[in-house]
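Structure data (mmCIF, C-alpha atoms and all ligand atoms) from start_10.cif:
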data_start
#
loop_
_atom_site.label_atom_id
_atom_site.label_comp_id
_atom_site.auth_asym_id
_atom_site.auth_seq_id
_atom_site.Cartn_x
_atom_site.Cartn_y
_atom_site.Cartn_z
CA MET A 1 15.89 -118.01 161.59
CA LYS A 2 12.41 -117.21 160.40
CA ARG A 3 11.70 -118.14 156.83
CA GLU A 4 8.67 -118.39 154.67
CA ALA A 5 7.55 -121.89 153.92
CA GLN A 6 5.93 -122.23 150.56
CA ASP A 7 2.73 -124.28 150.50
CA GLY A 8 1.64 -124.31 146.89
CA GLU A 9 0.51 -120.77 146.17
CA LYS A 10 0.30 -119.85 149.83
CA THR A 11 3.19 -118.49 151.89
CA ILE A 12 3.21 -119.63 155.50
CA VAL A 13 5.33 -117.76 157.97
CA ALA A 14 6.87 -120.53 160.03
CA ASP A 15 10.37 -121.98 160.22
CA LEU A 16 9.21 -125.43 159.22
CA VAL A 17 6.12 -127.34 158.15
CA ILE A 18 5.81 -131.01 159.11
CA PRO A 19 2.92 -133.13 157.80
CA LYS A 20 0.96 -134.89 160.55
CA THR A 21 1.65 -138.29 158.91
CA ILE A 22 5.41 -137.71 159.17
CA LEU A 23 5.10 -136.56 162.78
CA ASP A 24 3.15 -139.74 163.55
CA ASP A 25 5.88 -141.77 161.86
CA ILE A 26 8.59 -140.16 164.03
CA ILE A 27 6.59 -140.99 167.17
CA ALA A 28 6.03 -144.55 165.93
CA HIS A 29 9.79 -144.92 165.34
CA ALA A 30 10.53 -143.69 168.86
CA LYS A 31 7.96 -146.05 170.39
CA GLU A 32 9.26 -149.04 168.43
CA LEU A 33 12.78 -148.55 169.76
CA THR A 34 12.05 -147.46 173.33
CA PRO A 35 13.81 -147.83 175.82
CA TYR A 36 16.51 -147.16 173.20
CA GLU A 37 16.94 -143.87 171.39
CA CYS A 38 15.91 -143.68 167.75
CA CYS A 39 17.32 -141.26 165.18
CA GLY A 40 16.57 -140.12 161.66
CA LEU A 41 16.42 -137.34 159.10
CA LEU A 42 13.63 -135.21 157.63
CA ALA A 43 14.03 -133.67 154.21
CA GLY A 44 11.99 -131.38 152.02
CA THR A 45 12.11 -128.07 150.22
CA ASN A 46 11.85 -124.49 151.49
CA GLY A 47 11.18 -125.60 155.05
CA VAL A 48 8.35 -127.95 154.10
CA VAL A 49 9.16 -131.51 155.16
CA SER A 50 8.11 -134.23 152.72
CA HIS A 51 10.40 -137.21 153.39
CA LEU A 52 11.45 -139.15 156.48
CA TYR A 53 14.54 -141.37 156.61
CA ARG A 54 14.92 -143.72 159.55
CA THR A 55 18.58 -144.33 160.40
CA LYS A 56 20.05 -146.91 162.76
CA ASN A 57 21.39 -145.98 166.19
CA ILE A 58 24.77 -147.72 166.28
CA VAL A 59 26.03 -146.35 169.60
CA ALA A 60 26.38 -149.96 170.81
CA MET A 61 28.86 -150.73 168.02
CA GLU A 62 32.48 -151.25 169.10
CA GLY A 63 34.43 -147.99 168.98
CA ALA A 64 31.43 -145.80 168.10
CA GLN A 65 31.75 -143.56 171.14
CA ASN A 66 35.43 -142.89 170.33
CA LEU A 67 34.68 -141.35 166.99
CA SER A 68 31.76 -139.25 168.07
CA SER A 69 32.07 -135.84 169.58
CA PHE A 70 30.97 -136.97 173.04
CA ASP A 71 32.69 -134.95 175.73
CA SER A 72 34.99 -136.94 177.98
CA ALA A 73 32.45 -137.19 180.83
CA LYS A 74 29.76 -138.61 178.53
CA ALA A 75 32.26 -140.95 176.83
CA ALA A 76 33.44 -142.22 180.22
CA HIS A 77 29.83 -142.73 181.30
CA LEU A 78 29.07 -144.67 178.09
CA GLU A 79 32.21 -146.77 178.59
CA ARG A 80 30.85 -148.04 181.92
CA LEU A 81 27.54 -149.18 180.44
CA SER A 82 26.67 -152.31 178.51
CA PRO A 83 26.14 -151.74 174.76
CA ALA A 84 22.36 -151.99 175.20
CA GLU A 85 22.35 -149.52 178.08
CA ARG A 86 24.34 -147.06 175.96
CA ALA A 87 21.50 -146.86 173.46
CA GLU A 88 19.15 -145.75 176.27
CA ILE A 89 21.07 -142.51 176.81
CA ALA A 90 22.74 -141.79 173.49
CA PHE A 91 22.65 -142.24 169.76
CA VAL A 92 25.26 -142.45 167.03
CA MET A 93 23.77 -142.35 163.55
CA ASP A 94 24.76 -145.07 161.09
CA MET A 95 26.60 -143.00 158.47
CA GLN A 96 25.98 -145.64 155.81
CA ASP A 97 22.24 -144.96 156.29
CA PHE A 98 23.03 -141.24 156.32
CA SER A 99 24.87 -141.55 152.98
CA SER A 100 21.97 -143.42 151.38
CA ALA A 101 19.50 -140.82 152.65
CA LYS A 102 21.68 -137.98 151.42
CA LYS A 103 21.89 -139.60 147.99
CA ASP A 104 18.11 -140.02 147.84
CA MET A 105 17.64 -136.38 148.84
CA ARG A 106 19.93 -135.25 146.06
CA ASN A 107 18.18 -137.45 143.48
CA ASN A 108 14.84 -135.95 144.51
CA GLY A 109 16.04 -132.36 144.73
CA LEU A 110 15.43 -132.23 148.49
CA ASP A 111 17.34 -130.53 151.26
CA LEU A 112 17.97 -131.82 154.74
CA GLN A 113 15.64 -129.91 157.09
CA ILE A 114 15.69 -131.69 160.44
CA VAL A 115 17.71 -134.25 162.40
CA TYR A 116 15.46 -136.08 164.89
CA HIS A 117 16.06 -138.38 167.84
CA SER A 118 14.15 -139.61 170.87
CA HIS A 119 14.59 -139.22 174.62
CA PRO A 120 12.97 -142.32 176.13
CA HIS A 121 13.48 -141.15 179.72
CA ASP A 122 14.05 -137.40 179.47
CA PRO A 123 12.20 -134.23 178.48
CA ALA A 124 12.05 -132.99 174.88
CA ARG A 125 14.89 -130.52 175.13
CA PRO A 126 18.48 -130.80 173.94
CA SER A 127 20.89 -132.34 176.44
CA VAL A 128 24.33 -130.86 177.04
CA THR A 129 25.67 -133.57 174.71
CA ASP A 130 23.10 -132.69 172.00
CA ILE A 131 24.13 -129.03 172.13
CA LYS A 132 27.85 -129.77 172.08
CA ILE A 133 27.66 -132.15 169.11
CA ALA A 134 25.27 -129.91 167.14
CA THR A 135 27.68 -127.02 167.69
CA ASP A 136 30.66 -129.13 166.55
CA TYR A 137 28.67 -130.12 163.48
CA GLU A 138 27.96 -126.54 162.41
CA GLU A 139 31.28 -126.37 160.56
CA ILE A 140 30.72 -129.79 158.97
CA TRP A 141 27.36 -129.18 157.21
CA PRO A 142 28.65 -126.70 154.63
CA LYS A 143 31.57 -129.02 153.83
CA ILE A 144 29.18 -131.82 152.94
CA ASN A 145 26.89 -129.52 150.98
CA LEU A 146 23.99 -129.50 153.40
CA PRO A 147 22.22 -126.63 155.15
CA ILE A 148 22.35 -126.49 158.94
CA PRO A 149 19.27 -128.46 160.04
CA ALA A 150 16.89 -127.94 162.94
CA TYR A 151 16.84 -130.58 165.70
CA LEU A 152 13.63 -132.34 166.67
CA ILE A 153 13.38 -134.30 169.89
CA VAL A 154 10.55 -136.63 170.81
CA SER A 155 10.22 -137.40 174.53
CA LEU A 156 8.47 -140.55 175.71
CA MET A 157 8.90 -139.67 179.37
CA SER A 158 5.16 -139.07 179.86
CA PRO A 159 2.36 -141.25 178.48
CA GLU A 160 1.65 -138.56 175.88
CA PRO A 161 4.70 -138.12 173.59
CA ASP A 162 6.11 -134.59 173.58
CA VAL A 163 7.75 -133.29 170.39
CA LYS A 164 9.81 -130.12 170.20
CA THR A 165 12.07 -128.63 167.55
CA TYR A 166 15.03 -126.32 168.05
CA TRP A 167 17.74 -124.42 166.27
CA ILE A 168 21.15 -124.94 167.82
CA LYS A 169 23.65 -122.26 166.79
CA SER A 170 27.01 -121.60 168.43
CA GLY A 171 25.88 -123.36 171.59
CA CYS A 172 22.61 -121.40 171.78
CA VAL A 173 19.27 -123.16 171.68
CA THR A 174 16.16 -121.42 170.36
CA PRO A 175 12.76 -123.03 169.75
CA ALA A 176 11.86 -123.42 166.07
CA ASP A 177 8.45 -122.32 164.88
CA VAL A 178 6.88 -125.47 163.45
CA LEU A 179 3.54 -125.85 161.78
CA ILE A 180 2.04 -129.34 161.88
CA ARG A 181 -0.66 -130.01 159.35
CA MET B 1 49.55 -132.49 148.56
CA ILE B 2 46.15 -133.58 149.83
CA LYS B 3 44.51 -131.44 152.48
CA VAL B 4 42.68 -133.49 155.13
CA ARG B 5 40.19 -132.01 157.58
CA ILE B 6 40.27 -133.75 160.95
CA PRO B 7 37.12 -133.69 163.12
CA THR B 8 37.28 -132.76 166.81
CA PRO B 9 37.12 -136.36 168.15
CA LEU B 10 40.20 -137.34 166.11
CA ARG B 11 42.30 -134.32 167.00
CA PRO B 12 43.89 -135.97 170.05
CA VAL B 13 45.49 -138.38 167.53
CA THR B 14 46.71 -135.55 165.25
CA LYS B 15 48.26 -133.60 168.13
CA GLY B 16 45.38 -131.13 168.11
CA GLN B 17 45.55 -130.27 164.41
CA GLY B 18 42.26 -129.68 162.59
CA GLU B 19 43.85 -129.86 159.17
CA VAL B 20 46.82 -131.90 157.99
CA GLU B 21 48.50 -132.44 154.64
CA THR B 22 49.74 -135.65 153.13
CA LYS B 23 50.74 -137.26 149.83
CA ALA B 24 48.53 -140.08 148.55
CA GLY B 25 47.10 -141.47 145.32
CA SER B 26 43.95 -142.89 146.89
CA VAL B 27 41.91 -142.76 150.10
CA VAL B 28 43.42 -146.03 151.33
CA GLU B 29 46.94 -144.67 150.75
CA MET B 30 45.97 -141.48 152.54
CA ILE B 31 44.85 -143.46 155.59
CA GLU B 32 48.11 -145.47 155.59
CA SER B 33 50.16 -142.33 155.19
CA LEU B 34 48.30 -140.54 158.00
CA ASN B 35 48.70 -143.60 160.17
CA SER B 36 52.48 -143.55 159.83
CA THR B 37 52.55 -139.93 161.02
CA TYR B 38 49.69 -140.28 163.52
CA PRO B 39 49.66 -143.89 164.71
CA GLY B 40 46.21 -145.15 165.66
CA ILE B 41 44.21 -143.07 163.20
CA LYS B 42 43.64 -146.02 160.86
CA ASP B 43 42.13 -148.07 163.65
CA ARG B 44 39.65 -145.29 164.41
CA LEU B 45 38.54 -145.08 160.78
CA CYS B 46 38.65 -148.69 159.57
CA ASP B 47 37.57 -152.05 160.95
CA GLU B 48 39.75 -155.21 161.05
CA MET B 49 38.86 -155.89 157.42
CA GLY B 50 40.09 -152.44 156.43
CA GLU B 51 36.55 -151.25 155.65
CA LEU B 52 35.39 -147.77 156.61
CA ARG B 53 33.57 -147.93 159.95
CA ARG B 54 29.85 -147.21 159.93
CA PHE B 55 30.21 -144.25 162.27
CA VAL B 56 32.44 -142.27 159.95
CA ASN B 57 32.18 -140.79 156.45
CA ILE B 58 34.92 -139.53 154.20
CA TYR B 59 34.24 -136.85 151.59
CA VAL B 60 36.58 -136.02 148.72
CA ASN B 61 35.88 -132.48 147.48
CA GLU B 62 32.39 -132.65 149.09
CA GLU B 63 31.61 -136.01 147.45
CA ASP B 64 30.89 -139.04 149.67
CA ILE B 65 33.45 -141.82 148.95
CA ARG B 66 30.71 -144.40 149.58
CA PHE B 67 29.31 -143.23 146.23
CA LEU B 68 32.65 -142.91 144.49
CA THR B 69 34.81 -146.02 144.72
CA GLY B 70 35.02 -146.28 148.49
CA LYS B 71 38.48 -146.47 149.98
CA ASP B 72 39.98 -146.99 146.49
CA THR B 73 38.72 -143.54 145.44
CA PRO B 74 41.66 -141.87 143.67
CA LEU B 75 43.16 -138.65 145.02
CA LYS B 76 45.14 -136.05 143.16
CA ASP B 77 47.24 -133.09 144.14
CA GLY B 78 45.07 -130.31 145.56
CA ASP B 79 42.16 -132.54 146.59
CA GLU B 80 40.42 -131.75 149.85
CA VAL B 81 39.32 -134.59 152.06
CA SER B 82 36.95 -134.25 155.01
CA ILE B 83 36.70 -136.93 157.66
CA VAL B 84 33.21 -136.62 159.12
CA PRO B 85 32.18 -138.21 162.42
CA ALA B 86 28.68 -139.59 162.89
CA ILE B 87 25.82 -137.34 163.86
CA ALA B 88 25.28 -138.16 167.50
CA GLY B 89 23.64 -137.01 170.69
CA GLY B 90 22.45 -138.00 174.12
ZN ZN C 201 19.20 -135.86 172.98
#

Rewrite the structure from the file as structure tokens, please.
Ligand SMILES: [Zn+2]
Amino acid sequence: MKREAQDGEKTIVADLVIPKTILDDIIAHAKELTPYECCGLLAGTNGVVSHLYRTKNIVAMEGAQNLSSFDSAKAAHLERLSPAERAEIAFVMDMQDFSSAKKDMRNNGLDLQIVYHSHPHDPARPSVTDIKIATDYEEIWPKINLPIPAYLIVSLMSPEPDVKTYWIKSGCVTPADVLIR
Amino acid sequence: MIKVRIPTPLRPVTKGQGEVETKAGSVVEMIESLNSTYPGIKDRLCDEMGELRRFVNIYVNEEDIRFLTGKDTPLKDGDEVSIVPAIAGG
């Protein structure tokens, strides 16, 4: 899904452009919450990210795993863990935060570009659960008037954070071409 | 009739159906009405106080009920309601 990001007069051929300050903010969010997973949204226009919205990970909230598209193995695994431990291996976004962010995007004429989350203990690539839920969500985005976003994952597994962005379409994962500047 | 889209995680409660129809004059009535046909659905969507749980959103004709009048949002014949589960991952 190559598109041309518009940077003022200049056309940049990349899927997405993320300002360095926003990238730093994502990493800071991940570090603040580690060993728990963080999650949030990036919005902008024409592939150029300009806004970050931190959202709460409410996976530890009673009943959260029952209303998320976790497969039965993952749900059973989560069931066996304490609420705090659940947040180390999963996230469920607070949809009240999501609604507020979506409203702000609309008021500012922005589009959702990226959904981000962290992997405190794992590499920066989508897990089986990430792929399944992103695929389930493909039919939801158009119904809530949002474009299908890219997925950014920040891994804190190594001392140096690793950030990667992907498109997830029909169960297929392809790296997104991201320009940081 | 109101058309209600059911997300994958709720389909075990609706006997596998991804879309159901019901009669209701508001979102709260819709939830009650669905619950009488599909017992347990209300508990998945609402907390003990009857408030919409934080890991679910409901949209009426693509509009978020949190920015309409919440669960009292009126419904009329032909409206389309989407129940949307939280964005999640592992
Ligand atoms: Zn993940």

request  = Determine, counting all atoms listed in the file, which protein, DNA and RNA residues have an atom within 9 Å of an atom of Thr34 (chain A); residues of the same chain fewer than 3 positions away are not included. Present the result as a PyMOL selection string.
outcome  = chain A and resi 29-31+37-38+88+118-120+156

request  = For region 49-64 of chain A, please output as a ChimeraX atom specification all residues within 8 Å (counting only C-alpha atoms; exclusion window: fewer than 4 positions along the same chain).
outcome  = /A:16-19,22,29,37-45,68,83-84,86-87,90-94,97-98,101,113 /B:44,55

Those residues you just picked out, can you put them in a file as a PDB file, in the frame of the given file with C-alpha atoms?
ATOM      1  CA  LEU A  16       9.210-125.430 159.220  1.00  0.00           C
ATOM      2  CA  VAL A  17       6.120-127.340 158.150  1.00  0.00           C
ATOM      3  CA  ILE A  18       5.810-131.010 159.110  1.00  0.00           C
ATOM      4  CA  PRO A  19       2.920-133.130 157.800  1.00  0.00           C
ATOM      5  CA  ILE A  22       5.410-137.710 159.170  1.00  0.00           C
ATOM      6  CA  HIS A  29       9.790-144.920 165.340  1.00  0.00           C
ATOM      7  CA  GLU A  37      16.940-143.870 171.390  1.00  0.00           C
ATOM      8  CA  CYS A  38      15.910-143.680 167.750  1.00  0.00           C
ATOM      9  CA  CYS A  39      17.320-141.260 165.180  1.00  0.00           C
ATOM     10  CA  GLY A  40      16.570-140.120 161.660  1.00  0.00           C
ATOM     11  CA  LEU A  41      16.420-137.340 159.100  1.00  0.00           C
ATOM     12  CA  LEU A  42      13.630-135.210 157.630  1.00  0.00           C
ATOM     13  CA  ALA A  43      14.030-133.670 154.210  1.00  0.00           C
ATOM     14  CA  GLY A  44      11.990-131.380 152.020  1.00  0.00           C
ATOM     15  CA  THR A  45      12.110-128.070 150.220  1.00  0.00           C
ATOM     16  CA  SER A  68      31.760-139.250 168.070  1.00  0.00           C
ATOM     17  CA  PRO A  83      26.140-151.740 174.760  1.00  0.00           C
ATOM     18  CA  ALA A  84      22.360-151.990 175.200  1.00  0.00           C
ATOM     19  CA  ARG A  86      24.340-147.060 175.960  1.00  0.00           C
ATOM     20  CA  ALA A  87      21.500-146.860 173.460  1.00  0.00           C
ATOM     21  CA  ALA A  90      22.740-141.790 173.490  1.00  0.00           C
ATOM     22  CA  PHE A  91      22.650-142.240 169.760  1.00  0.00           C
ATOM     23  CA  VAL A  92      25.260-142.450 167.030  1.00  0.00           C
ATOM     24  CA  MET A  93      23.770-142.350 163.550  1.00  0.00           C
ATOM     25  CA  ASP A  94      24.760-145.070 161.090  1.00  0.00           C
ATOM     26  CA  ASP A  97      22.240-144.960 156.290  1.00  0.00           C
ATOM     27  CA  PHE A  98      23.030-141.240 156.320  1.00  0.00           C
ATOM     28  CA  ALA A 101      19.500-140.820 152.650  1.00  0.00           C
ATOM     29  CA  GLN A 113      15.640-129.910 157.090  1.00  0.00           C
TER      30      GLN A 113
ATOM     31  CA  ARG B  44      39.650-145.290 164.410  1.00  0.00           C
ATOM     32  CA  PHE B  55      30.210-144.250 162.270  1.00  0.00           C
TER      33      PHE B  55
END

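Within 8 Å of chain A, and counting only C-alpha atoms, chain B contributes Thr8, Pro9, Leu10, Arg44, Arg54, Phe55, Val56, Asn57, Tyr59, Glu62, Glu63, Asp64, Arg66, Ser82, Val84, Pro85, Ala86, Ile87, Ala88, Gly89 and Gly90 of chain B.
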
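Between CA of Glu19 (chain B) and CA of Ser33 (chain B) the separation is 14.5 Å.
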
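Ranking A:Val154, A:Leu110, A:Leu33, A:Val48 by their shortest atom-to-atom distance to ligand ZN 201 (chain C), with all atoms listed in the file included, puts A:Val154 first.
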
Protein, DNA and RNA residues within 10 Å of (43.3, -138.4, 156.0), all atoms listed in the file, as a PyMOL selection string = chain B and resi 2-6+19-24+27-35+41-42+45+58+80-83

Expected file: the selected residues, C-alpha atoms, as a PDB file, in the frame of the given file:
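Output file part.pdb is given in full below:
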ATOM      1  CA  ILE B   2      46.150-133.580 149.830  1.00  0.00           C
ATOM      2  CA  LYS B   3      44.510-131.440 152.480  1.00  0.00           C
ATOM      3  CA  VAL B   4      42.680-133.490 155.130  1.00  0.00           C
ATOM      4  CA  ARG B   5      40.190-132.010 157.580  1.00  0.00           C
ATOM      5  CA  ILE B   6      40.270-133.750 160.950  1.00  0.00           C
ATOM      6  CA  GLU B  19      43.850-129.860 159.170  1.00  0.00           C
ATOM      7  CA  VAL B  20      46.820-131.900 157.990  1.00  0.00           C
ATOM      8  CA  GLU B  21      48.500-132.440 154.640  1.00  0.00           C
ATOM      9  CA  THR B  22      49.740-135.650 153.130  1.00  0.00           C
ATOM     10  CA  LYS B  23      50.740-137.260 149.830  1.00  0.00           C
ATOM     11  CA  ALA B  24      48.530-140.080 148.550  1.00  0.00           C
ATOM     12  CA  VAL B  27      41.910-142.760 150.100  1.00  0.00           C
ATOM     13  CA  VAL B  28      43.420-146.030 151.330  1.00  0.00           C
ATOM     14  CA  GLU B  29      46.940-144.670 150.750  1.00  0.00           C
ATOM     15  CA  MET B  30      45.970-141.480 152.540  1.00  0.00           C
ATOM     16  CA  ILE B  31      44.850-143.460 155.590  1.00  0.00           C
ATOM     17  CA  GLU B  32      48.110-145.470 155.590  1.00  0.00           C
ATOM     18  CA  SER B  33      50.160-142.330 155.190  1.00  0.00           C
ATOM     19  CA  LEU B  34      48.300-140.540 158.000  1.00  0.00           C
ATOM     20  CA  ASN B  35      48.700-143.600 160.170  1.00  0.00           C
ATOM     21  CA  ILE B  41      44.210-143.070 163.200  1.00  0.00           C
ATOM     22  CA  LYS B  42      43.640-146.020 160.860  1.00  0.00           C
ATOM     23  CA  LEU B  45      38.540-145.080 160.780  1.00  0.00           C
ATOM     24  CA  ILE B  58      34.920-139.530 154.200  1.00  0.00           C
ATOM     25  CA  GLU B  80      40.420-131.750 149.850  1.00  0.00           C
ATOM     26  CA  VAL B  81      39.320-134.590 152.060  1.00  0.00           C
ATOM     27  CA  SER B  82      36.950-134.250 155.010  1.00  0.00           C
ATOM     28  CA  ILE B  83      36.700-136.930 157.660  1.00  0.00           C
TER      29      ILE B  83
END

query = When you draw a straight line from CA of Lys71 (chain B) to CA of Pro147 (chain A), how long is it in Å?
reply = 26.2 Å
